[in-house]
Amino acid sequence: MHLPLVYHDDYSPPFPPNHRFPMEKFRLLRDHLIDSGLTRDADLLRPELCPPDVLALAHCPAYIARFLGGDLSHDEVRRLGLPWSEALARRTIRAVGGSLLCADLALQHGIACHLAGGTHHAHYDHASGFCIFNDLAVIARYLLESGKAGRVLIFDCDVHQGDGTARLLENEPEAITVSLHCEKNFPARKARSDWDIPLPNGMGDADYLKVVNDSLSYLLPLYQPDIVLYDAGVDVHRDDALGYLQLTDAGIAARDEAVFEHCLGRDIPVVGVIGGGYDKDRAALARRHGILHHSAARVLTGNAIG
């Protein structure tokens, strides 16, 4: 089977060219995956907008309305770090819909990957760290409340702690939050995940991979989740502007393949979202994010489910 990949042209709206957040990376990632022969544009699955009632499973309805209407306060916009526009609002809702579609596809096929997602700093009633709505928390609640899953495990390998996800799901016993992150990095005030695994500055491929393998070997049998949501942030890369870890391209590929192997080897469906990544060389960044999708395709050929 082909690896299900989810993307929409809304993902890279017009944006200030020198902004710290690389909004064009989603379009460049799409181009890279096509140019590298992994997929064709016609084969990419286009999501609908996330329905408001699904968004409200994890977010304050008044906050949702304020954001969609462009009514955020100056302080809220500053905390978000992105300039509001109608195109950004549409992109945001569409991207959560993309993660929602990925979850349904993973339950059908065993694996699915998004060309966006991983907005783990968003909180119940406010944005933070470039994150407006928390797709990981929304999808976890959607799966649990719809009965499509009885237990969800979020395995977050973004270099920054998934503080929003931890707080949004802290009272949801069947949503297990796991965060592997650089200890001395954003956010300054950490939340409490079910499993926080803080990593020292400068950690490289071998030590990092041991943590990933040891964690999954312990946690997957312990919790036996019905699905894993995997945040494959590439801000762990040694060239990342906001990272502080020292992973190489090969290390990230080995990490991604390990996650997929652990999950599919136990017949646990897995969703891959791209998480964070920051580099002034946007084409290099897109290739870095594409490691996730190429790794998933390699593992899928040997571990097809269903």
# chains A, B, ... in the order shown; residues from 1 in each chain; ligands from 1
$ residues_around --residues "Val271 in chain A" --least-positions-apart "4" --cutoff "9 Å" --atoms "only C-alpha atoms" --output "PyMOL selection string"
chain A and resi 99+102-103+105-107+110-114+227-231
$ write_last_selection --atoms "all heavy atoms" --output "compact mmCIF listing (two decimals), in the first residue's frame"
# COMPACT_ATOMS: atom_id res chain seq x y z
N SER A 99 -4.61 16.70 10.84
CA SER A 99 -4.23 15.71 11.86
C SER A 99 -5.39 14.78 12.19
O SER A 99 -5.20 13.58 12.43
CB SER A 99 -3.72 16.41 13.12
OG SER A 99 -2.48 17.06 12.88
N CYS A 102 -5.51 12.30 9.46
CA CYS A 102 -4.39 11.36 9.64
C CYS A 102 -4.73 10.28 10.67
O CYS A 102 -4.39 9.11 10.50
CB CYS A 102 -3.15 12.11 10.10
SG CYS A 102 -2.03 12.54 8.76
N ALA A 103 -5.39 10.68 11.74
CA ALA A 103 -5.75 9.70 12.78
C ALA A 103 -6.70 8.65 12.23
O ALA A 103 -6.52 7.45 12.47
CB ALA A 103 -6.36 10.42 13.98
N LEU A 105 -7.01 7.79 9.11
CA LEU A 105 -6.27 6.99 8.13
C LEU A 105 -5.36 5.98 8.82
O LEU A 105 -5.22 4.84 8.36
CB LEU A 105 -5.44 7.91 7.23
CG LEU A 105 -6.23 8.76 6.23
CD1 LEU A 105 -5.36 9.87 5.66
CD2 LEU A 105 -6.79 7.89 5.11
N ALA A 106 -4.73 6.38 9.92
CA ALA A 106 -3.85 5.46 10.64
C ALA A 106 -4.65 4.29 11.21
O ALA A 106 -4.19 3.14 11.20
CB ALA A 106 -3.11 6.20 11.75
N LEU A 107 -5.85 4.56 11.71
CA LEU A 107 -6.68 3.48 12.23
C LEU A 107 -7.07 2.51 11.12
O LEU A 107 -7.22 1.30 11.36
CB LEU A 107 -7.93 4.05 12.91
CG LEU A 107 -7.68 4.78 14.23
CD1 LEU A 107 -8.95 5.47 14.70
CD2 LEU A 107 -7.15 3.85 15.30
N GLY A 110 -2.90 1.56 9.52
CA GLY A 110 -1.78 1.28 10.41
C GLY A 110 -0.81 2.43 10.55
O GLY A 110 -0.11 2.55 11.55
N ILE A 111 -0.78 3.33 9.55
CA ILE A 111 0.17 4.44 9.58
C ILE A 111 -0.34 5.54 8.66
O ILE A 111 -0.96 5.27 7.62
CB ILE A 111 1.58 3.95 9.15
CG1 ILE A 111 2.64 5.02 9.36
CG2 ILE A 111 1.58 3.45 7.72
CD1 ILE A 111 4.07 4.49 9.19
N ALA A 112 -0.10 6.77 9.04
CA ALA A 112 -0.40 7.93 8.18
C ALA A 112 0.46 9.08 8.66
O ALA A 112 0.78 9.18 9.84
CB ALA A 112 -1.88 8.31 8.25
N CYS A 113 0.86 9.94 7.73
CA CYS A 113 1.72 11.07 8.08
C CYS A 113 1.16 12.37 7.54
O CYS A 113 0.65 12.44 6.42
CB CYS A 113 3.14 10.87 7.52
SG CYS A 113 4.11 9.65 8.41
N HIS A 114 1.29 13.40 8.36
CA HIS A 114 0.85 14.74 8.03
C HIS A 114 2.05 15.55 7.53
O HIS A 114 3.18 15.29 7.95
CB HIS A 114 0.27 15.38 9.30
CG HIS A 114 -0.63 16.53 9.06
ND1 HIS A 114 -1.21 17.24 10.09
CD2 HIS A 114 -1.07 17.13 7.93
CE1 HIS A 114 -1.96 18.21 9.60
NE2 HIS A 114 -1.88 18.17 8.29
N ILE A 227 -3.54 3.65 19.71
CA ILE A 227 -2.93 4.46 18.66
C ILE A 227 -1.85 5.33 19.30
O ILE A 227 -1.97 5.70 20.48
CB ILE A 227 -3.98 5.34 17.92
CG1 ILE A 227 -3.40 6.02 16.69
CG2 ILE A 227 -4.63 6.34 18.87
CD1 ILE A 227 -4.46 6.67 15.78
N VAL A 228 -0.80 5.63 18.55
CA VAL A 228 0.26 6.53 18.99
C VAL A 228 0.26 7.77 18.10
O VAL A 228 0.20 7.65 16.87
CB VAL A 228 1.64 5.84 18.94
CG1 VAL A 228 2.77 6.86 19.11
CG2 VAL A 228 1.73 4.76 20.02
N LEU A 229 0.29 8.93 18.71
CA LEU A 229 0.46 10.19 17.99
C LEU A 229 1.92 10.61 18.19
O LEU A 229 2.35 10.88 19.31
CB LEU A 229 -0.48 11.27 18.54
CG LEU A 229 -1.96 10.91 18.65
CD1 LEU A 229 -2.77 12.10 19.14
CD2 LEU A 229 -2.51 10.40 17.32
N TYR A 230 2.67 10.66 17.09
CA TYR A 230 4.11 10.88 17.15
C TYR A 230 4.47 12.26 16.61
O TYR A 230 4.26 12.55 15.43
CB TYR A 230 4.82 9.78 16.34
CG TYR A 230 6.30 10.01 16.11
CD1 TYR A 230 7.13 10.44 17.14
CD2 TYR A 230 6.88 9.77 14.86
CE1 TYR A 230 8.48 10.64 16.94
CE2 TYR A 230 8.23 9.96 14.65
CZ TYR A 230 9.03 10.39 15.68
OH TYR A 230 10.37 10.60 15.47
N ASP A 231 4.99 13.10 17.49
CA ASP A 231 5.44 14.44 17.10
C ASP A 231 6.92 14.36 16.77
O ASP A 231 7.77 14.27 17.66
CB ASP A 231 5.18 15.43 18.23
CG ASP A 231 5.47 16.88 17.83
OD1 ASP A 231 6.17 17.08 16.81
OD2 ASP A 231 5.00 17.79 18.52
$ residues_around --residues "range 179-196 of chain A" --least-positions-apart "4" --cutoff "6 Å" --atoms "only C-alpha atoms" --output "ChimeraX atom specification"
/A:156-157,159-161,163,166,200
$ residues_around --residues "Leu168 in chain A" --least-positions-apart "2" --cutoff "12 Å" --atoms "only C-alpha atoms" --output "PyMOL selection string"
chain A and resi 56-60+120-126+133-141+162-166+170-173+175-177+191-194
$ write_last_selection --atoms "N, CA, C and O atoms" --output "CSV table (one decimal), in the first residue's frame"
chain,number,residue,atom,x,y,z
A,56,ALA,N,-13.5,22.3,20.1
A,56,ALA,CA,-13.9,22.7,21.4
A,56,ALA,C,-13.8,21.5,22.4
A,56,ALA,O,-14.0,21.7,23.6
A,57,LEU,N,-13.4,20.3,21.9
A,57,LEU,CA,-13.1,19.2,22.8
A,57,LEU,C,-11.8,19.5,23.7
A,57,LEU,O,-11.7,19.0,24.7
A,58,ALA,N,-11.0,20.4,23.1
A,58,ALA,CA,-9.7,20.8,23.9
A,58,ALA,C,-9.6,22.3,24.1
A,58,ALA,O,-8.6,22.6,24.8
A,59,HIS,N,-10.4,23.1,23.5
A,59,HIS,CA,-10.2,24.5,23.6
A,59,HIS,C,-11.4,25.3,24.0
A,59,HIS,O,-12.6,24.9,23.7
A,60,CYS,N,-11.2,26.4,24.6
A,60,CYS,CA,-12.3,27.3,25.1
A,60,CYS,C,-13.1,27.9,23.9
A,60,CYS,O,-12.5,28.5,23.0
A,120,HIS,N,2.1,21.8,19.9
A,120,HIS,CA,2.0,21.3,21.2
A,120,HIS,C,2.1,22.3,22.3
A,120,HIS,O,2.0,22.0,23.5
A,121,HIS,N,2.3,23.6,21.9
A,121,HIS,CA,2.4,24.7,23.0
A,121,HIS,C,1.0,25.4,23.1
A,121,HIS,O,0.9,26.2,24.0
A,122,ALA,N,0.0,25.1,22.3
A,122,ALA,CA,-1.3,25.8,22.5
A,122,ALA,C,-2.0,25.3,23.7
A,122,ALA,O,-2.0,24.1,24.0
A,123,HIS,N,-2.6,26.2,24.4
A,123,HIS,CA,-3.3,25.9,25.7
A,123,HIS,C,-4.8,26.0,25.5
A,123,HIS,O,-5.3,26.3,24.4
A,124,TYR,N,-5.5,25.8,26.6
A,124,TYR,CA,-7.0,25.8,26.5
A,124,TYR,C,-7.6,27.1,26.0
A,124,TYR,O,-8.5,27.1,25.1
A,125,ASP,N,-7.1,28.2,26.5
A,125,ASP,CA,-7.7,29.5,26.1
A,125,ASP,C,-6.7,30.5,25.6
A,125,ASP,O,-6.9,31.7,25.6
A,126,HIS,N,-5.4,30.0,25.2
A,126,HIS,CA,-4.5,31.0,24.7
A,126,HIS,C,-3.4,30.3,23.8
A,126,HIS,O,-3.2,29.1,24.0
A,133,PHE,N,-3.9,26.2,18.1
A,133,PHE,CA,-4.8,25.1,18.6
A,133,PHE,C,-3.9,23.9,18.6
A,133,PHE,O,-3.1,23.7,17.7
A,134,ASN,N,-4.1,23.1,19.6
A,134,ASN,CA,-3.2,21.9,19.9
A,134,ASN,C,-3.8,20.7,19.2
A,134,ASN,O,-4.7,20.1,19.7
A,135,ASP,N,-3.3,20.4,18.0
A,135,ASP,CA,-3.9,19.3,17.3
A,135,ASP,C,-3.7,18.0,18.0
A,135,ASP,O,-4.6,17.1,17.9
A,136,LEU,N,-2.6,17.8,18.7
A,136,LEU,CA,-2.4,16.5,19.4
A,136,LEU,C,-3.5,16.3,20.5
A,136,LEU,O,-4.0,15.2,20.6
A,137,ALA,N,-3.8,17.3,21.3
A,137,ALA,CA,-4.8,17.2,22.3
A,137,ALA,C,-6.2,17.1,21.7
A,137,ALA,O,-7.0,16.3,22.2
A,138,VAL,N,-6.5,17.8,20.7
A,138,VAL,CA,-7.8,17.8,20.0
A,138,VAL,C,-8.0,16.3,19.5
A,138,VAL,O,-9.1,15.7,19.7
A,139,ILE,N,-7.0,15.8,18.8
A,139,ILE,CA,-7.2,14.5,18.2
A,139,ILE,C,-7.3,13.4,19.3
A,139,ILE,O,-8.1,12.5,19.1
A,140,ALA,N,-6.5,13.5,20.3
A,140,ALA,CA,-6.6,12.5,21.4
A,140,ALA,C,-8.0,12.5,22.0
A,140,ALA,O,-8.6,11.5,22.2
A,141,ARG,N,-8.6,13.7,22.3
A,141,ARG,CA,-9.9,13.8,22.8
A,141,ARG,C,-11.0,13.3,21.8
A,141,ARG,O,-11.9,12.6,22.2
A,162,GLY,N,6.2,19.5,25.4
A,162,GLY,CA,4.9,19.7,25.0
A,162,GLY,C,4.0,20.2,26.1
A,162,GLY,O,3.1,19.4,26.6
A,163,ASP,N,4.2,21.4,26.6
A,163,ASP,CA,3.6,21.9,27.8
A,163,ASP,C,2.0,22.0,27.6
A,163,ASP,O,1.3,21.7,28.5
A,164,GLY,N,1.6,22.5,26.4
A,164,GLY,CA,0.2,22.7,26.2
A,164,GLY,C,-0.5,21.3,26.2
A,164,GLY,O,-1.6,21.2,26.8
A,165,THR,N,0.1,20.3,25.6
A,165,THR,CA,-0.5,19.0,25.5
A,165,THR,C,-0.6,18.4,26.9
A,165,THR,O,-1.7,17.9,27.3
A,166,ALA,N,0.4,18.6,27.7
A,166,ALA,CA,0.4,18.0,29.1
A,166,ALA,C,-0.7,18.7,29.9
A,166,ALA,O,-1.4,18.0,30.6
A,170,GLU,N,-4.1,16.6,31.2
A,170,GLU,CA,-3.7,16.2,32.6
A,170,GLU,C,-4.8,15.4,33.3
A,170,GLU,O,-4.5,14.6,34.2
A,171,ASN,N,-6.0,15.7,33.0
A,171,ASN,CA,-7.1,15.0,33.7
A,171,ASN,C,-7.8,14.0,32.8
A,171,ASN,O,-8.9,13.6,33.1
A,172,GLU,N,-7.1,13.6,31.8
A,172,GLU,CA,-7.6,12.5,30.9
A,172,GLU,C,-6.7,11.3,31.0
A,172,GLU,O,-5.7,11.2,30.4
A,173,PRO,N,-7.2,10.3,31.9
A,173,PRO,CA,-6.3,9.2,32.2
A,173,PRO,C,-6.0,8.3,31.0
A,173,PRO,O,-4.9,7.6,31.0
A,175,ALA,N,-5.3,9.3,28.0
A,175,ALA,CA,-4.4,10.0,27.0
A,175,ALA,C,-3.1,10.2,27.7
A,175,ALA,O,-2.9,10.9,28.7
A,176,ILE,N,-2.1,9.4,27.3
A,176,ILE,CA,-0.8,9.3,28.0
A,176,ILE,C,0.1,10.3,27.2
A,176,ILE,O,0.4,10.1,26.0
A,177,THR,N,0.7,11.3,28.0
A,177,THR,CA,1.6,12.3,27.4
A,177,THR,C,3.0,11.9,27.7
A,177,THR,O,3.3,11.8,28.9
A,191,ALA,N,5.4,22.1,32.1
A,191,ALA,CA,4.2,21.5,32.6
A,191,ALA,C,4.6,20.1,33.1
A,191,ALA,O,5.8,19.7,33.1
A,192,ARG,N,3.6,19.3,33.6
A,192,ARG,CA,3.9,18.0,34.0
A,192,ARG,C,3.2,17.0,33.1
A,192,ARG,O,2.0,16.8,33.1
A,193,SER,N,4.0,16.4,32.2
A,193,SER,CA,3.5,15.3,31.3
A,193,SER,C,3.3,14.0,32.2
A,193,SER,O,3.9,13.9,33.3
A,194,ASP,N,2.7,13.0,31.6
A,194,ASP,CA,2.7,11.7,32.3
A,194,ASP,C,4.1,11.2,32.4
A,194,ASP,O,4.5,10.6,33.4
$ atom_distance --atom1 "CA of Leu209 in chain A" --atom2 "CA of Arg255 in chain A"
6.1 Å
$ select_by_dssp --residues "range 66-126 of chain A" --states "helix (DSSP H, G or I)" --output "ChimeraX atom specification"
/A:66-68,74-80,86-109
$ write_last_selection --atoms "N, CA, C and O atoms" --output "compact mmCIF listing (two decimals), in the first residue's frame"
# COMPACT_ATOMS: atom_id res chain seq x y z
N ARG A 66 -12.65 34.17 19.35
CA ARG A 66 -11.78 35.34 19.32
C ARG A 66 -10.71 35.21 18.26
O ARG A 66 -10.43 36.15 17.52
N PHE A 67 -10.10 34.05 18.18
CA PHE A 67 -9.04 33.86 17.19
C PHE A 67 -9.61 33.91 15.77
O PHE A 67 -9.07 34.62 14.91
N LEU A 68 -10.68 33.19 15.52
CA LEU A 68 -11.22 33.14 14.17
C LEU A 68 -11.72 34.52 13.73
O LEU A 68 -11.68 34.84 12.54
N HIS A 74 -3.50 42.53 22.03
CA HIS A 74 -2.09 42.73 21.67
C HIS A 74 -1.20 41.72 22.40
O HIS A 74 -0.28 41.15 21.81
N ASP A 75 -1.48 41.50 23.67
CA ASP A 75 -0.66 40.55 24.44
C ASP A 75 -0.82 39.13 23.92
O ASP A 75 0.14 38.36 23.90
N GLU A 76 -2.04 38.78 23.49
CA GLU A 76 -2.25 37.44 22.94
C GLU A 76 -1.50 37.23 21.64
O GLU A 76 -0.91 36.17 21.40
N VAL A 77 -1.49 38.25 20.80
CA VAL A 77 -0.75 38.16 19.53
C VAL A 77 0.74 38.06 19.80
O VAL A 77 1.47 37.29 19.15
N ARG A 78 1.22 38.81 20.78
CA ARG A 78 2.65 38.76 21.13
C ARG A 78 3.03 37.37 21.63
O ARG A 78 4.07 36.82 21.27
N ARG A 79 2.18 36.79 22.46
CA ARG A 79 2.47 35.46 22.99
C ARG A 79 2.45 34.40 21.88
O ARG A 79 3.24 33.46 21.90
N LEU A 80 1.55 34.58 20.92
CA LEU A 80 1.48 33.66 19.78
C LEU A 80 2.74 33.75 18.93
O LEU A 80 3.32 32.74 18.53
N GLU A 86 -6.82 36.38 8.00
CA GLU A 86 -7.86 35.39 7.70
C GLU A 86 -7.24 34.13 7.11
O GLU A 86 -7.69 33.01 7.39
N ALA A 87 -6.20 34.29 6.31
CA ALA A 87 -5.53 33.12 5.72
C ALA A 87 -4.87 32.27 6.80
O ALA A 87 -4.89 31.03 6.74
N LEU A 88 -4.28 32.92 7.82
CA LEU A 88 -3.68 32.17 8.92
C LEU A 88 -4.77 31.42 9.69
O LEU A 88 -4.58 30.26 10.08
N ALA A 89 -5.90 32.07 9.92
CA ALA A 89 -6.99 31.42 10.65
C ALA A 89 -7.48 30.19 9.89
O ALA A 89 -7.67 29.11 10.48
N ARG A 90 -7.68 30.33 8.59
CA ARG A 90 -8.13 29.18 7.78
C ARG A 90 -7.08 28.08 7.79
O ARG A 90 -7.39 26.90 7.92
N ARG A 91 -5.81 28.46 7.66
CA ARG A 91 -4.72 27.50 7.68
C ARG A 91 -4.70 26.71 8.99
O ARG A 91 -4.47 25.49 9.01
N THR A 92 -4.93 27.41 10.09
CA THR A 92 -4.87 26.79 11.40
C THR A 92 -5.96 25.73 11.57
O THR A 92 -5.70 24.61 12.03
N ILE A 93 -7.18 26.09 11.18
CA ILE A 93 -8.30 25.15 11.31
C ILE A 93 -8.11 23.97 10.35
O ILE A 93 -8.42 22.82 10.68
N ARG A 94 -7.60 24.26 9.17
CA ARG A 94 -7.37 23.21 8.16
C ARG A 94 -6.31 22.23 8.66
O ARG A 94 -6.43 21.02 8.47
N ALA A 95 -5.26 22.75 9.30
CA ALA A 95 -4.17 21.87 9.75
C ALA A 95 -4.64 20.93 10.86
O ALA A 95 -4.22 19.76 10.90
N VAL A 96 -5.49 21.41 11.76
CA VAL A 96 -6.04 20.50 12.77
C VAL A 96 -6.91 19.44 12.08
O VAL A 96 -6.88 18.25 12.43
N GLY A 97 -7.65 19.86 11.06
CA GLY A 97 -8.41 18.89 10.27
C GLY A 97 -7.51 17.87 9.60
O GLY A 97 -7.88 16.70 9.45
N GLY A 98 -6.30 18.29 9.23
CA GLY A 98 -5.34 17.36 8.63
C GLY A 98 -4.88 16.30 9.61
O GLY A 98 -4.76 15.12 9.25
N SER A 99 -4.61 16.70 10.84
CA SER A 99 -4.23 15.71 11.86
C SER A 99 -5.39 14.78 12.19
O SER A 99 -5.20 13.58 12.43
N LEU A 100 -6.60 15.33 12.17
CA LEU A 100 -7.80 14.52 12.39
C LEU A 100 -7.93 13.46 11.30
O LEU A 100 -8.16 12.27 11.59
N LEU A 101 -7.75 13.86 10.05
CA LEU A 101 -7.80 12.92 8.93
C LEU A 101 -6.70 11.87 9.06
O LEU A 101 -6.92 10.68 8.82
N CYS A 102 -5.51 12.30 9.46
CA CYS A 102 -4.39 11.36 9.64
C CYS A 102 -4.73 10.28 10.67
O CYS A 102 -4.39 9.11 10.50
N ALA A 103 -5.39 10.68 11.74
CA ALA A 103 -5.75 9.70 12.78
C ALA A 103 -6.70 8.65 12.23
O ALA A 103 -6.52 7.45 12.47
N ASP A 104 -7.69 9.09 11.49
CA ASP A 104 -8.63 8.13 10.89
C ASP A 104 -7.93 7.22 9.88
O ASP A 104 -8.19 6.01 9.82
N LEU A 105 -7.01 7.79 9.11
CA LEU A 105 -6.27 6.99 8.13
C LEU A 105 -5.36 5.98 8.82
O LEU A 105 -5.22 4.84 8.36
N ALA A 106 -4.73 6.38 9.92
CA ALA A 106 -3.85 5.46 10.64
C ALA A 106 -4.65 4.29 11.21
O ALA A 106 -4.19 3.14 11.20
N LEU A 107 -5.85 4.56 11.71
CA LEU A 107 -6.68 3.48 12.23
C LEU A 107 -7.07 2.51 11.12
O LEU A 107 -7.22 1.30 11.36
N GLN A 108 -7.22 3.02 9.90
CA GLN A 108 -7.58 2.16 8.77
C GLN A 108 -6.38 1.38 8.24
O GLN A 108 -6.48 0.19 7.92
N HIS A 109 -5.23 2.07 8.13
CA HIS A 109 -4.09 1.51 7.39
C HIS A 109 -2.89 1.16 8.26
O HIS A 109 -1.93 0.56 7.77
$ atom_distance --atom1 "CA of Phe21 in chain A" --atom2 "CA of Val273 in chain A"
17.1 Å
$ closest_residue --among "A:Asp214, A:Asp43, A:Asp239, A:Glu145" --to "Val259 in chain A" --atoms "only C-alpha atoms"
A:Asp214
$ atom_distance --atom1 "CA of Asp281 in chain A" --atom2 "CA of Pro17 in chain A"
12.3 Å
$ closest_residue --among "A:Leu44, A:Leu220, A:Ala62, A:Leu49" --to "Arg266 in chain A" --atoms "only C-alpha atoms"
A:Leu220
$ closest_residue --among "A:Ile274, A:Leu264, A:Leu199, A:Ala284" --to "Thr119 in chain A" --atoms "only C-alpha atoms"
A:Ile274
$ closest_residue --among "A:Tyr208, A:Tyr7, A:Tyr218, A:Phe26" --to "His262 in chain A" --atoms "only C-alpha atoms"
A:Tyr218
$ closest_residue --among "A:Ser73, A:Ser146, A:Asn213, A:Thr39" --to "Gly290 in chain A" --atoms "only C-alpha atoms"
A:Thr39
$ select_by_dssp --residues "range 124-258 of chain A" --states "strand (DSSP E or B)" --output "JSON, numbers by chain"
{"A": [128, 131, 152, 153, 154, 155, 156, 175, 176, 177, 178, 179, 180, 181, 182, 195, 196, 197, 198, 199, 227, 228, 229, 230, 231, 237, 247]}
$ decode --residues "range 155-218 of chain A" --atoms "C-alpha atoms" --output "CSV table (one decimal), in the first residue's frame"
chain,number,residue,atom,x,y,z
A,155,PHE,CA,5.1,10.4,21.9
A,156,ASP,CA,6.5,13.9,21.6
A,157,CYS,CA,10.1,14.2,20.3
A,158,ASP,CA,10.0,17.9,19.5
A,159,VAL,CA,13.1,19.5,21.2
A,160,HIS,CA,10.7,21.7,23.3
A,161,GLN,CA,8.5,20.3,26.0
A,162,GLY,CA,4.9,19.7,25.0
A,163,ASP,CA,3.6,21.9,27.8
A,164,GLY,CA,0.2,22.7,26.2
A,165,THR,CA,-0.5,19.0,25.5
A,166,ALA,CA,0.4,18.0,29.1
A,167,ARG,CA,-1.9,20.6,30.6
A,168,LEU,CA,-4.8,20.0,28.2
A,169,LEU,CA,-4.8,16.3,28.9
A,170,GLU,CA,-3.7,16.2,32.6
A,171,ASN,CA,-7.1,15.0,33.7
A,172,GLU,CA,-7.6,12.5,30.9
A,173,PRO,CA,-6.3,9.2,32.2
A,174,GLU,CA,-6.6,7.4,28.8
A,175,ALA,CA,-4.4,10.0,27.0
A,176,ILE,CA,-0.8,9.3,28.0
A,177,THR,CA,1.6,12.3,27.4
A,178,VAL,CA,5.3,11.5,26.8
A,179,SER,CA,7.7,14.3,26.2
A,180,LEU,CA,11.4,13.9,25.2
A,181,HIS,CA,12.8,17.4,25.2
A,182,CYS,CA,15.9,19.4,25.8
A,183,GLU,CA,15.8,20.3,29.5
A,184,LYS,CA,17.2,23.8,29.2
A,185,ASN,CA,14.9,25.2,26.5
A,186,PHE,CA,11.5,26.7,25.9
A,187,PRO,CA,9.2,26.8,27.8
A,188,ALA,CA,11.0,28.1,30.8
A,189,ARG,CA,8.1,26.9,33.1
A,190,LYS,CA,7.5,23.2,32.2
A,191,ALA,CA,4.2,21.5,32.6
A,192,ARG,CA,3.9,18.0,34.0
A,193,SER,CA,3.5,15.3,31.3
A,194,ASP,CA,2.7,11.7,32.3
A,195,TRP,CA,6.3,11.0,31.4
A,196,ASP,CA,8.8,13.8,31.0
A,197,ILE,CA,12.2,12.8,29.8
A,198,PRO,CA,14.5,15.8,29.9
A,199,LEU,CA,17.7,15.6,27.8
A,200,PRO,CA,21.0,17.5,28.3
A,201,ASN,CA,22.2,20.1,25.9
A,202,GLY,CA,24.5,18.7,23.2
A,203,MET,CA,23.1,15.1,23.2
A,204,GLY,CA,24.0,13.3,20.0
A,205,ASP,CA,22.6,10.4,17.9
A,206,ALA,CA,23.6,7.4,19.9
A,207,ASP,CA,22.6,8.5,23.3
A,208,TYR,CA,19.3,10.0,22.0
A,209,LEU,CA,18.4,6.8,20.1
A,210,LYS,CA,19.0,4.7,23.3
A,211,VAL,CA,16.5,7.0,25.2
A,212,VAL,CA,13.9,6.6,22.4
A,213,ASN,CA,14.3,2.8,22.2
A,214,ASP,CA,14.3,2.3,25.9
A,215,SER,CA,11.3,4.6,26.4
A,216,LEU,CA,9.2,2.8,23.7
A,217,SER,CA,10.2,-0.7,24.9
A,218,TYR,CA,8.9,0.2,28.3
